[in-house]
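Have a look at query.csv below; it lists CSV, C-alpha atoms (C1' of nucleotides).
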```csv
chain,number,residue,atom,x,y,z
A,1,MET,CA,-20.9,19.4,-11.0
A,2,LYS,CA,-20.3,22.1,-13.5
A,3,LEU,CA,-17.2,21.4,-15.6
A,4,PRO,CA,-14.7,24.3,-15.7
A,5,GLU,CA,-14.3,26.1,-19.0
A,6,ARG,CA,-12.0,24.3,-21.4
A,7,SER,CA,-9.8,27.4,-21.6
A,8,ARG,CA,-9.5,27.7,-17.8
A,9,ILE,CA,-8.3,24.1,-17.7
A,10,ARG,CA,-5.8,24.5,-20.6
A,11,ARG,CA,-4.4,27.7,-19.0
A,12,ILE,CA,-2.7,25.9,-16.2
A,13,ARG,CA,-0.6,23.7,-18.5
A,14,ALA,CA,2.3,26.1,-19.1
A,15,PRO,CA,2.9,27.3,-15.6
A,16,LEU,CA,2.6,23.7,-14.3
A,17,LEU,CA,5.3,22.4,-16.7
A,18,ARG,CA,7.6,25.3,-16.0
A,19,TRP,CA,7.3,24.8,-12.3
A,20,TYR,CA,7.9,21.0,-12.7
A,21,ASP,CA,11.1,21.6,-14.8
A,22,ALA,CA,12.5,23.8,-12.0
A,23,HIS,CA,11.4,21.8,-8.9
A,24,ARG,CA,11.0,18.1,-9.8
A,25,ARG,CA,12.5,15.7,-7.3
A,26,ASP,CA,15.3,13.5,-8.3
A,27,LEU,CA,13.7,10.1,-8.0
A,28,PRO,CA,15.5,6.9,-9.1
A,29,TRP,CA,12.8,5.8,-11.5
A,30,ARG,CA,13.0,9.2,-13.2
A,31,HIS,CA,16.4,8.2,-14.5
A,32,SER,CA,14.9,5.2,-16.3
A,33,ARG,CA,13.1,5.0,-19.6
A,34,ASP,CA,12.4,1.3,-19.2
A,35,PRO,CA,8.6,0.8,-19.2
A,36,TYR,CA,9.1,-2.2,-16.9
A,37,ALA,CA,11.0,-0.2,-14.3
A,38,ILE,CA,8.4,2.6,-14.5
A,39,TRP,CA,5.6,0.0,-14.1
A,40,ILE,CA,7.2,-1.4,-11.0
A,41,SER,CA,7.5,2.0,-9.5
A,42,GLU,CA,3.9,2.8,-10.1
A,43,ALA,CA,2.7,-0.5,-8.6
A,44,MET,CA,4.9,0.2,-5.5
A,45,LEU,CA,3.7,3.8,-5.2
A,46,GLN,CA,0.0,2.8,-4.9
A,47,GLN,CA,-1.0,4.2,-1.5
A,48,THR,CA,2.7,4.2,-0.5
A,49,ARG,CA,5.1,7.1,0.2
A,50,VAL,CA,7.9,7.9,-2.2
A,51,GLU,CA,10.6,7.6,0.5
A,52,THR,CA,9.3,4.2,1.5
A,53,VAL,CA,9.3,2.9,-2.0
A,54,ILE,CA,12.8,3.9,-3.1
A,55,PRO,CA,14.8,1.1,-1.4
A,56,TYR,CA,12.2,-1.5,-2.3
A,57,TRP,CA,12.3,-0.4,-5.9
A,58,GLU,CA,16.0,-0.6,-6.1
A,59,ARG,CA,16.1,-4.1,-4.5
A,60,PHE,CA,13.3,-5.3,-6.7
A,61,LEU,CA,14.9,-4.2,-9.9
A,62,GLU,CA,18.1,-5.8,-8.9
A,63,ALA,CA,16.4,-9.1,-8.1
A,64,PHE,CA,14.0,-9.0,-11.1
A,65,PRO,CA,15.6,-6.7,-13.7
A,66,ASP,CA,13.1,-7.4,-16.5
A,67,VAL,CA,9.7,-8.9,-17.3
A,68,GLY,CA,11.1,-12.3,-18.1
A,69,SER,CA,12.9,-12.7,-14.8
A,70,LEU,CA,9.7,-11.6,-12.9
A,71,ALA,CA,7.6,-14.0,-14.9
A,72,ARG,CA,10.0,-16.9,-14.1
A,73,ALA,CA,10.5,-16.0,-10.4
A,74,ASP,CA,8.9,-18.0,-7.6
A,75,LEU,CA,6.2,-16.1,-5.8
A,76,ASP,CA,8.2,-16.8,-2.6
A,77,GLN,CA,11.1,-14.9,-3.9
A,78,ILE,CA,8.9,-11.9,-4.9
A,79,TYR,CA,7.2,-11.9,-1.5
A,80,ALA,CA,10.5,-12.0,0.2
A,81,VAL,CA,11.6,-8.8,-1.6
A,82,TRP,CA,8.1,-7.2,-0.9
A,83,THR,CA,8.1,-8.0,2.8
A,84,GLY,CA,7.3,-4.9,4.8
A,85,LEU,CA,5.9,-2.9,1.9
A,86,GLY,CA,2.2,-3.9,2.5
A,87,TYR,CA,-0.7,-4.6,0.2
A,88,TYR,CA,0.8,-7.9,-0.7
A,89,SER,CA,-1.7,-8.6,-3.5
A,90,ARG,CA,0.3,-6.1,-5.5
A,91,ALA,CA,3.2,-8.6,-5.5
A,92,ARG,CA,1.0,-11.4,-6.6
A,93,ASN,CA,-0.6,-9.3,-9.3
A,94,LEU,CA,2.8,-8.2,-10.6
A,95,LYS,CA,3.9,-11.8,-11.2
A,96,ALA,CA,0.6,-12.7,-12.9
A,97,ALA,CA,0.8,-9.6,-15.1
A,98,ALA,CA,4.4,-10.4,-16.0
A,99,GLU,CA,3.4,-13.9,-17.0
A,100,SER,CA,0.7,-12.5,-19.2
A,101,ILE,CA,3.0,-10.0,-20.8
A,102,VAL,CA,5.4,-12.9,-21.7
A,103,ALA,CA,2.7,-15.2,-22.9
A,104,ASP,CA,0.3,-12.8,-24.7
A,105,HIS,CA,2.3,-9.7,-25.5
A,106,GLY,CA,5.6,-10.9,-26.8
A,107,GLY,CA,7.4,-9.8,-23.6
A,108,GLN,CA,6.6,-6.2,-24.2
A,109,LEU,CA,4.2,-4.1,-22.1
A,110,PRO,CA,1.1,-2.8,-23.9
A,111,GLU,CA,1.5,0.9,-24.8
A,112,THR,CA,-2.1,2.0,-24.5
A,113,PRO,CA,-4.1,2.5,-21.3
A,114,GLU,CA,-6.7,0.1,-22.5
A,115,GLY,CA,-4.1,-2.6,-23.2
A,116,LEU,CA,-2.4,-2.0,-19.9
A,117,ALA,CA,-5.6,-2.1,-17.9
A,118,THR,CA,-6.2,-5.7,-19.0
A,119,LEU,CA,-3.3,-6.7,-16.8
A,120,LYS,CA,-3.7,-7.8,-13.2
A,121,GLY,CA,-3.1,-5.0,-10.7
A,122,ILE,CA,-3.3,-2.2,-13.3
A,123,GLY,CA,-6.3,-0.1,-12.9
A,124,ARG,CA,-7.3,3.2,-14.4
A,125,TYR,CA,-4.7,5.3,-12.6
A,126,THR,CA,-1.7,3.0,-13.3
A,127,ALA,CA,-2.7,2.4,-16.9
A,128,GLY,CA,-2.7,6.2,-17.4
A,129,ALA,CA,0.6,6.6,-15.6
A,130,VAL,CA,2.5,3.9,-17.5
A,131,ALA,CA,1.0,4.9,-20.9
A,132,SER,CA,1.9,8.6,-20.4
A,133,ILE,CA,5.2,8.3,-18.5
A,134,ALA,CA,6.7,5.3,-20.3
A,135,PHE,CA,5.1,5.6,-23.7
A,136,ASP,CA,4.4,9.4,-24.1
A,137,ARG,CA,0.7,8.7,-24.7
A,138,GLU,CA,-1.8,11.5,-24.1
A,139,ALA,CA,-3.5,9.4,-21.3
A,140,PRO,CA,-5.1,11.0,-18.3
A,141,LEU,CA,-4.5,10.0,-14.7
A,142,VAL,CA,-6.2,10.9,-11.4
A,143,ASP,CA,-4.7,10.0,-8.1
A,144,GLY,CA,-5.1,11.5,-4.6
A,145,ASN,CA,-2.8,14.4,-5.5
A,146,VAL,CA,-4.7,15.2,-8.6
A,147,VAL,CA,-8.1,15.1,-6.8
A,148,ARG,CA,-6.7,17.6,-4.3
A,149,VAL,CA,-5.1,20.0,-6.9
A,150,PHE,CA,-8.2,20.0,-9.1
A,151,SER,CA,-10.6,20.4,-6.2
A,152,ARG,CA,-8.8,23.5,-5.1
A,153,VAL,CA,-7.8,25.1,-8.4
A,154,PHE,CA,-11.3,24.6,-9.9
A,155,GLY,CA,-13.2,25.0,-6.7
A,156,ILE,CA,-14.9,21.6,-6.6
A,157,ARG,CA,-16.8,21.5,-3.2
A,158,GLU,CA,-18.7,18.2,-3.5
A,159,ASP,CA,-17.8,14.8,-2.1
A,160,SER,CA,-14.9,13.8,-4.3
A,161,SER,CA,-15.8,10.1,-4.1
A,162,ARG,CA,-19.2,10.6,-5.8
A,163,LYS,CA,-19.3,9.0,-9.2
A,164,GLU,CA,-20.3,12.2,-11.0
A,165,ILE,CA,-17.4,14.0,-9.4
A,166,VAL,CA,-14.9,11.3,-10.1
A,167,GLU,CA,-15.9,11.3,-13.8
A,168,GLY,CA,-15.6,15.1,-13.9
A,169,LEU,CA,-12.1,14.9,-12.5
A,170,TRP,CA,-11.1,12.4,-15.1
A,171,THR,CA,-12.6,14.6,-17.8
A,172,ILE,CA,-10.6,17.6,-16.6
A,173,ALA,CA,-7.4,15.4,-16.5
A,174,ASP,CA,-8.2,14.3,-20.1
A,175,ILE,CA,-8.6,17.8,-21.4
A,176,LEU,CA,-5.4,18.9,-19.6
A,177,VAL,CA,-3.1,16.1,-20.8
A,178,ARG,CA,-3.7,16.6,-24.5
A,179,GLY,CA,-0.6,18.1,-25.9
A,180,PRO,CA,3.2,17.8,-25.7
A,181,ARG,CA,4.9,16.1,-22.8
A,182,PRO,CA,1.9,14.2,-21.4
A,183,GLY,CA,4.0,12.2,-19.0
A,184,ASP,CA,5.6,15.3,-17.5
A,185,LEU,CA,2.3,17.0,-17.3
A,186,ASN,CA,0.8,14.2,-15.3
A,187,GLN,CA,3.9,14.0,-13.0
A,188,ALA,CA,3.8,17.8,-12.6
A,189,LEU,CA,0.2,17.6,-11.3
A,190,MET,CA,1.1,14.9,-8.8
A,191,GLU,CA,4.4,16.6,-7.8
A,192,LEU,CA,2.5,19.8,-7.1
A,193,GLY,CA,0.1,17.9,-4.9
A,194,ALA,CA,3.0,16.2,-3.1
A,195,ILE,CA,5.2,19.2,-2.5
A,196,LEU,CA,3.1,22.4,-2.5
A,197,CYS,CA,-0.6,21.6,-2.6
A,198,THR,CA,-0.4,19.4,0.4
A,199,PRO,CA,-3.4,18.3,2.5
A,200,ARG,CA,-2.5,20.6,5.4
A,201,LYS,CA,-0.7,23.9,5.2
A,202,PRO,CA,-0.4,24.2,1.5
A,203,ASP,CA,2.4,26.6,0.3
A,204,CYS,CA,0.1,28.7,-1.8
A,205,GLY,CA,2.6,31.6,-2.0
A,206,ALA,CA,5.0,29.4,-4.0
A,207,CYS,CA,2.3,27.8,-6.2
A,208,PRO,CA,2.6,28.4,-10.0
A,209,LEU,CA,-1.2,28.3,-10.1
A,210,ARG,CA,-1.9,30.8,-7.4
A,211,ARG,CA,-3.4,33.4,-9.7
A,212,ASP,CA,-5.8,30.8,-11.1
A,213,CYS,CA,-6.8,29.0,-7.9
A,214,ASP,CA,-10.4,29.2,-6.7
A,215,ALA,CA,-9.7,27.9,-3.2
A,216,LEU,CA,-6.9,30.4,-2.6
A,217,ALA,CA,-9.2,33.2,-3.7
A,218,ARG,CA,-11.9,31.9,-1.3
A,219,ASP,CA,-9.3,31.0,1.4
A,220,ASP,CA,-10.7,27.4,1.9
A,221,ALA,CA,-7.9,25.3,0.3
A,222,GLU,CA,-7.3,23.3,3.5
A,223,SER,CA,-10.9,22.2,3.6
A,224,LEU,CA,-10.6,20.7,0.1
A,225,PRO,CA,-11.1,18.1,-1.3
A,226,VAL,CA,-14.4,17.2,0.4
A,227,LYS,CA,-14.4,13.6,1.6
A,228,LYS,CA,-16.5,11.5,3.8
A,229,LYS,CA,-15.2,10.2,7.0
A,230,LYS,CA,-13.6,6.8,7.1
A,231,ALA,CA,-14.7,4.0,9.3
A,232,LYS,CA,-12.7,3.3,12.5
A,233,PRO,CA,-10.6,0.1,12.4
A,234,ARG,CA,-12.6,-2.7,14.0
A,235,ARG,CA,-10.9,-4.5,16.9
A,236,MET,CA,-9.8,-8.1,16.6
A,237,ARG,CA,-7.9,-10.3,18.9
A,238,ALA,CA,-5.6,-13.2,18.1
A,239,ILE,CA,-2.9,-15.4,19.6
A,240,ALA,CA,0.5,-16.4,18.3
A,241,VAL,CA,2.6,-19.2,19.7
A,242,HIS,CA,6.4,-19.7,19.6
A,243,LEU,CA,6.1,-23.5,19.4
A,244,GLU,CA,9.5,-25.2,19.8
A,245,ARG,CA,10.3,-28.7,18.7
A,246,GLU,CA,13.9,-29.8,19.1
A,247,GLY,CA,15.4,-26.4,18.6
A,248,ARG,CA,13.1,-25.3,15.8
A,249,ILE,CA,9.8,-23.5,15.7
A,250,LEU,CA,6.7,-24.0,13.6
A,251,ALA,CA,6.1,-21.4,10.9
A,252,VAL,CA,2.8,-21.5,9.0
A,253,ARG,CA,1.7,-19.9,5.8
A,254,ARG,CA,-1.6,-18.0,5.5
A,255,PRO,CA,-4.2,-18.7,2.8
A,256,GLU,CA,-3.7,-16.9,-0.5
A,257,GLU,CA,-6.7,-14.7,0.1
A,258,GLY,CA,-7.7,-12.2,2.8
A,259,LEU,CA,-5.5,-10.4,5.3
A,260,MET,CA,-1.8,-10.9,5.0
A,261,ALA,CA,-2.5,-13.4,2.2
A,262,GLY,CA,0.3,-15.9,1.5
A,263,LEU,CA,2.5,-14.6,4.3
A,264,TRP,CA,4.3,-16.7,7.0
A,265,GLU,CA,3.4,-16.3,10.7
A,266,LEU,CA,3.5,-18.1,14.0
A,267,PRO,CA,0.7,-20.6,14.5
A,268,GLY,CA,-2.3,-19.4,16.5
A,269,GLY,CA,-5.6,-17.9,15.4
A,270,GLU,CA,-8.3,-15.4,16.1
A,271,ILE,CA,-10.1,-15.4,19.5
A,272,GLY,CA,-13.3,-13.7,20.7
A,273,PRO,CA,-13.5,-10.3,22.4
A,274,ASP,CA,-14.1,-11.8,25.9
A,275,ASP,CA,-11.9,-14.9,25.6
A,276,GLU,CA,-9.2,-15.5,28.1
A,277,ALA,CA,-6.4,-15.9,25.6
A,278,ARG,CA,-4.4,-18.5,27.5
A,279,ASP,CA,-7.4,-20.8,27.7
A,280,ARG,CA,-7.7,-20.9,23.9
A,281,VAL,CA,-4.1,-21.8,23.0
A,282,CYS,CA,-4.4,-25.6,23.3
A,283,GLU,CA,-7.7,-25.7,21.6
A,284,LEU,CA,-6.7,-23.5,18.6
A,285,LEU,CA,-3.4,-25.3,18.0
A,286,GLY,CA,-5.4,-28.6,18.1
A,287,ALA,CA,-8.2,-27.5,15.8
A,288,SER,CA,-6.1,-25.6,13.2
A,289,PHE,CA,-2.9,-27.6,13.2
A,290,GLY,CA,-3.7,-30.9,14.9
A,291,LEU,CA,-1.1,-30.2,17.6
A,292,GLN,CA,-1.0,-31.2,21.2
A,293,VAL,CA,1.1,-29.1,23.5
A,294,ARG,CA,1.8,-28.8,27.2
A,295,GLY,CA,3.0,-26.0,29.3
A,296,VAL,CA,1.9,-22.7,27.9
A,297,GLU,CA,3.8,-19.6,29.0
A,298,SER,CA,2.6,-16.1,28.4
A,299,VAL,CA,5.2,-13.8,26.8
A,300,GLY,CA,3.2,-10.6,26.3
A,301,ARG,CA,1.0,-8.6,23.9
A,302,ILE,CA,1.5,-6.5,20.8
A,303,GLU,CA,-0.8,-4.2,19.0
A,304,HIS,CA,-0.9,-3.5,15.2
A,305,VAL,CA,-3.3,-1.2,13.4
A,306,PHE,CA,-4.2,-2.0,9.8
A,307,THR,CA,-6.4,0.3,7.7
A,308,HIS,CA,-9.5,-1.5,8.8
A,309,ARG,CA,-8.4,-3.7,11.7
A,310,HIS,CA,-6.9,-3.0,15.1
A,311,LEU,CA,-5.2,-6.2,16.1
A,312,GLU,CA,-4.4,-7.2,19.7
A,313,LEU,CA,-2.1,-10.2,19.5
A,314,GLU,CA,-1.2,-12.2,22.6
A,315,VAL,CA,2.0,-14.1,22.4
A,316,PHE,CA,2.9,-17.4,24.1
A,317,ARG,CA,5.7,-20.0,24.3
A,318,SER,CA,5.2,-23.7,24.3
A,319,ARG,CA,6.8,-26.9,23.3
A,320,ALA,CA,5.9,-29.9,21.2
A,321,GLU,CA,7.2,-33.5,21.6
A,322,PRO,CA,9.8,-34.8,19.2
A,323,GLY,CA,8.1,-36.3,16.2
A,324,THR,CA,5.0,-34.1,16.5
A,325,ARG,CA,3.1,-34.0,13.2
A,326,VAL,CA,1.2,-31.0,11.8
A,327,ARG,CA,-2.3,-31.4,10.2
A,328,ARG,CA,-3.2,-28.0,8.7
A,329,ARG,CA,-6.7,-26.8,8.3
A,330,ASP,CA,-6.8,-23.4,6.7
A,331,HIS,CA,-3.1,-22.6,6.3
A,332,VAL,CA,-1.3,-23.6,3.0
A,333,GLY,CA,2.1,-24.4,4.2
A,334,HIS,CA,4.2,-25.1,7.3
A,335,ARG,CA,7.9,-25.6,8.2
A,336,TRP,CA,9.9,-26.3,11.3
A,337,ILE,CA,12.7,-23.8,11.1
A,338,ARG,CA,15.2,-21.9,13.2
A,339,PRO,CA,13.5,-18.9,14.8
A,340,GLN,CA,15.5,-16.4,12.9
A,341,ALA,CA,14.7,-18.1,9.6
A,342,LEU,CA,11.1,-16.8,9.9
A,343,LEU,CA,12.4,-13.3,9.5
A,344,ALA,CA,13.8,-14.2,6.1
A,345,LEU,CA,10.4,-15.5,4.9
A,346,ALA,CA,7.7,-13.1,3.8
A,347,HIS,CA,5.9,-11.9,6.8
A,348,ALA,CA,3.8,-8.9,8.0
A,349,GLY,CA,4.1,-6.4,10.8
A,350,PRO,CA,2.3,-8.4,13.6
A,351,THR,CA,4.7,-11.4,13.1
A,352,ARG,CA,7.7,-9.1,13.1
A,353,LYS,CA,6.5,-7.5,16.3
A,354,ALA,CA,5.8,-10.8,18.0
A,355,LEU,CA,9.2,-12.1,17.1
A,356,ASN,CA,10.7,-9.0,18.4
A,357,LEU,CA,8.9,-9.5,21.7
A,358,LEU,CA,10.2,-13.1,21.8
A,359,GLY,CA,13.7,-11.8,21.4
A,360,VAL,CA,14.1,-13.2,17.8
A,361,THR,CA,15.7,-10.4,15.8
A,362,ASN,CA,18.1,-9.7,13.0
A,363,GLU,CA,19.4,-6.3,11.7
A,364,VAL,CA,16.6,-5.7,9.2
A,365,SER,CA,13.8,-6.5,11.6
A,366,ALA,CA,15.5,-4.5,14.4
A,367,ARG,CA,15.6,-1.4,12.0
A,368,ALA,CA,11.9,-1.9,11.1
A,369,GLU,CA,11.0,-2.3,14.8
A,370,GLY,CA,12.9,0.9,15.6
A,371,ARG,CA,10.9,2.8,12.9
A,372,SER,CA,7.6,1.5,14.1
A,373,ARG,CA,8.4,2.5,17.7
A,374,ARG,CA,9.4,6.0,16.6
B,1,DT,C1',-21.3,1.8,-3.4
B,2,DA,C1',-18.7,0.3,0.2
B,3,DA,C1',-15.3,-3.0,2.1
B,4,DT,C1',-11.0,-5.0,1.9
B,5,DC,C1',-6.2,-4.8,1.8
B,6,DG,C1',-0.4,-2.8,5.1
B,7,DT,C1',2.6,0.3,6.6
B,8,DG,C1',4.8,4.4,8.3
B,9,DG,C1',4.7,9.5,8.7
B,10,DT,C1',2.5,13.6,10.6
B,11,DC,C1',0.1,16.7,13.5
C,1,DT,C1',-2.7,10.2,20.4
C,2,DG,C1',-6.1,9.1,17.4
C,3,DA,C1',-7.2,10.4,12.9
C,4,DC,C1',-5.8,11.3,8.6
C,5,DC,C1',-3.3,10.2,4.7
C,6,DA,C1',0.0,8.3,0.6
C,7,DA,C1',1.5,8.0,-7.4
C,8,DG,C1',-5.2,2.5,-5.9
C,9,DA,C1',-7.1,-2.2,-7.3
C,10,DT,C1',-10.4,-5.5,-6.6
C,11,DT,C1',-14.8,-7.4,-5.5
```

Translate this file's structure into structure tokens.
Amino acid sequence: MKLPERSRIRRIRAPLLRWYDAHRRDLPWRHSRDPYAIWISEAMLQQTRVETVIPYWERFLEAFPDVGSLARADLDQIYAVWTGLGYYSRARNLKAAAESIVADHGGQLPETPEGLATLKGIGRYTAGAVASIAFDREAPLVDGNVVRVFSRVFGIREDSSRKEIVEGLWTIADILVRGPRPGDLNQALMELGAILCTPRKPDCGACPLRRDCDALARDDAESLPVKKKKAKPRRMRAIAVHLEREGRILAVRRPEEGLMAGLWELPGGEIGPDDEARDRVCELLGASFGLQVRGVESVGRIEHVFTHRHLELEVFRSRAEPGTRVRRRDHVGHRWIRPQALLALAHAGPTRKALNLLGVTNEVSARAEGRSRR
DNA sequence: TAATCGTGGTC
DNA sequence: TGACCAAGATT
């Protein structure tokens, strides 16, 4: 791609900052100058909407107010606060990074993008965001909003995931950020993408860059940026069993890698596309948990769509004899607990939906269930 | 480079 | 209603 003229890039600085000063949203982390609080907000905002993040950020900062408290916390406590936010590796990485900050950086976050990027879970974007917003460094950043704004303003009509284009976008961001108020400049770019320069029906009439926008001149803003199509989620099937033993049910913890890593769920497992689910229950509970059960009752079915998986989960009830022991194969933990207690452990959407189907609810899960049902 | 990794909102 | 998308990182 041909890089825009330097002067053309620099020209959008002033109108962008003016617009930001007049229209910036009042977000809770914008009241903080604490690098730790800003870092947490950036980790949560990865692929996650602002409105979703706000209550999680507030609860997280209350539970873990500083780097030291996060480094000392049990992963279980962190997961519990993170439950429902998704991309759980972020929670794991936050703790690992906090430990490294305490052990190797005297308890203070590194101030440069290079230093920040050595920490787990901090990539190129987050390094630039924290360096510029928390430490006033002239560090560039490119997120989905910035890709869209640059593609339109500078008329970039090639696949935005191509390496050459990605590097071009970072170069533009770097040229643009040099100067006063780098943190505000970066936030202004993202804010413009979030509020006006939206994927569909951008509000070009209100845009501070409308006189300078290539896509507006050519009337193809809505078709930019150019991206390739994403793969459809693959279907997978699984079973989950509400297995009761003397008034308690079995909860099991998934391995620390892969889908829903480290989260608690009902025992069960994946089945084949043509399996009769009921026929696999006894076998799976035996093979994965060393359990023998009798009397399997079908409860129903839930569906859950992940980014790359479309899960169909069949839910059953069964009982285990008093004194039944568990021998885990792949899972890394298990507990016999009151049904409602599973809702207080870190768990993901499918487990929440299965418990809801089973009539196990509390106020929090009921609200989440209400949201996901629209 | 292309997959993997959650969830909820929007049209 | 399925497809797209949201302040990405990791492998």

- Non-local contacts of stretch 191-208 of chain A (6 Å; all atoms listed in the file; under 6 positions in same chain excluded) as a PyMOL selection string: chain A and resi 15+145+149+222

What would the file look like if the residues just selected were written as a PDB file, in the coordinates of the input with C-alpha atoms?
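Wrote result-v9.pdb, looks like this:
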```pdb
ATOM      1  CA  PRO A  15       2.900  27.300 -15.600  1.00  0.00           C
ATOM      2  CA  ASN A 145      -2.800  14.400  -5.500  1.00  0.00           C
ATOM      3  CA  VAL A 149      -5.100  20.000  -6.900  1.00  0.00           C
ATOM      4  CA  GLU A 222      -7.300  23.300   3.500  1.00  0.00           C
TER       5      GLU A 222
END
```

- A:His334, A:His23, A:Arg157, A:Lys228: which is nearest chain C, counting all atoms listed in the file?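 Ranking A:His334, A:His23, A:Arg157, A:Lys228 by distance to chain C, first place goes to A:Lys228.
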
- Item | Among listed residues A:Arg90, A:Asp21, A:Ile40, A:Arg72, nearest C:DG8 (using all atoms listed in the file) |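 Closest to C:DG8, using all atoms listed in the file: A:Arg90.
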
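As for atom CA of A:Asp104 and atom CA of A:Pro182, they are spaced 27.2 Å apart.
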
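The point (-9.8, -11.0, -3.0) has these residues within 10 Å of it, counting all atoms listed in the file: Ser89, Glu256, Glu257, Gly258, Leu259 and Ala261 of chain A; DT4 and DC5 of chain B; DT10 and DT11 of chain C.
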
- Task: For B:DC11, please output as a list in words all residues within 10 Å (counting all atoms listed in the file; exclusion window: fewer than 3 positions along the same chain).
- Result: Arg200 of chain A; DT1, DA3 and DC4 of chain C

Which residues of chain A sit at most 8 Å from chain B, using all atoms listed in the file? Give each one's shortest atom pair and distance in Å (one decimal place), in chain and ascending residue order, as a tab-separated table.
```
residue	atom	partner	partner_atom	distance
A:Gly84	CA	B:DT7	C1'	7.2
A:Leu85	CA	B:DT7	C1'	6.6
A:Gly86	CA	B:DG6	C1'	3.8
A:Tyr87	CA	B:DG6	C1'	5.2
A:Tyr88	CA	B:DG6	C1'	7.8
A:Ser89	CA	B:DC5	C1'	7.9
A:Gly258	CA	B:DC5	C1'	7.6
A:Leu259	CA	B:DC5	C1'	6.6
A:Phe306	CA	B:DG6	C1'	6.1
A:Thr307	CA	B:DG6	C1'	7.2
A:His308	CA	B:DT4	C1'	7.9
A:Ala348	CA	B:DG6	C1'	8.0
A:Arg371	CA	B:DG8	C1'	7.8
A:Ser372	CA	B:DG8	C1'	7.1
```

What lies within 9 Å of A:Ser151 using all atoms listed in the file, ignoring chain neighbours under 6 positions off, as a PDB file with C-alpha atoms, in the coordinates of the input?
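Okay, around_9.pdb is ready:
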```
ATOM      1  CA  ARG A 157     -16.800  21.500  -3.200  1.00  0.00           C
ATOM      2  CA  GLU A 158     -18.700  18.200  -3.500  1.00  0.00           C
ATOM      3  CA  SER A 160     -14.900  13.800  -4.300  1.00  0.00           C
ATOM      4  CA  LEU A 169     -12.100  14.900 -12.500  1.00  0.00           C
ATOM      5  CA  ASP A 214     -10.400  29.200  -6.700  1.00  0.00           C
ATOM      6  CA  ALA A 215      -9.700  27.900  -3.200  1.00  0.00           C
ATOM      7  CA  ALA A 221      -7.900  25.300   0.300  1.00  0.00           C
ATOM      8  CA  LEU A 224     -10.600  20.700   0.100  1.00  0.00           C
ATOM      9  CA  PRO A 225     -11.100  18.100  -1.300  1.00  0.00           C
ATOM     10  CA  VAL A 226     -14.400  17.200   0.400  1.00  0.00           C
TER      11      VAL A 226
END
```

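Any residue of chain C with an atom within 7 Å of chain A counts; using all atoms listed in the file, that gives DA6, DA7, DG8 and DA9 of chain C.
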
- Shell around A:Glu314 at 8 Å using all atoms listed in the file, local window under 2 positions removed, as a list in words: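 The contact residues come out as Arg237, Ala238, Ile239, Ala240, Ala277, Ser298, Val299, Gly300, Arg301, Ile302, Glu312 and Phe316 of chain A.
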
- Task: Quote the spacing between atom CA of A:Leu61 and atom CA of A:Ser100 in Å to one decimal place.
- Result: 18.9 Å

- Item | Between atom CA of A:Ser7 and atom CA of A:Ser132, distance in Å (one decimal) | 22.2 Å

- Message: Would you pick out the contacts of A:Cys282 at 12 Å or less, using only C-alpha atoms (C1' of nucleotides), so that residues sharing its chain but fewer than 6 positions from it are not included, and give the list as JSON, numbers by chain?
- Response: {"A": [239, 240, 241, 243, 267, 268, 269, 288, 289, 290, 291, 292, 293, 294, 295, 296, 297, 316, 317, 318, 319, 320]}
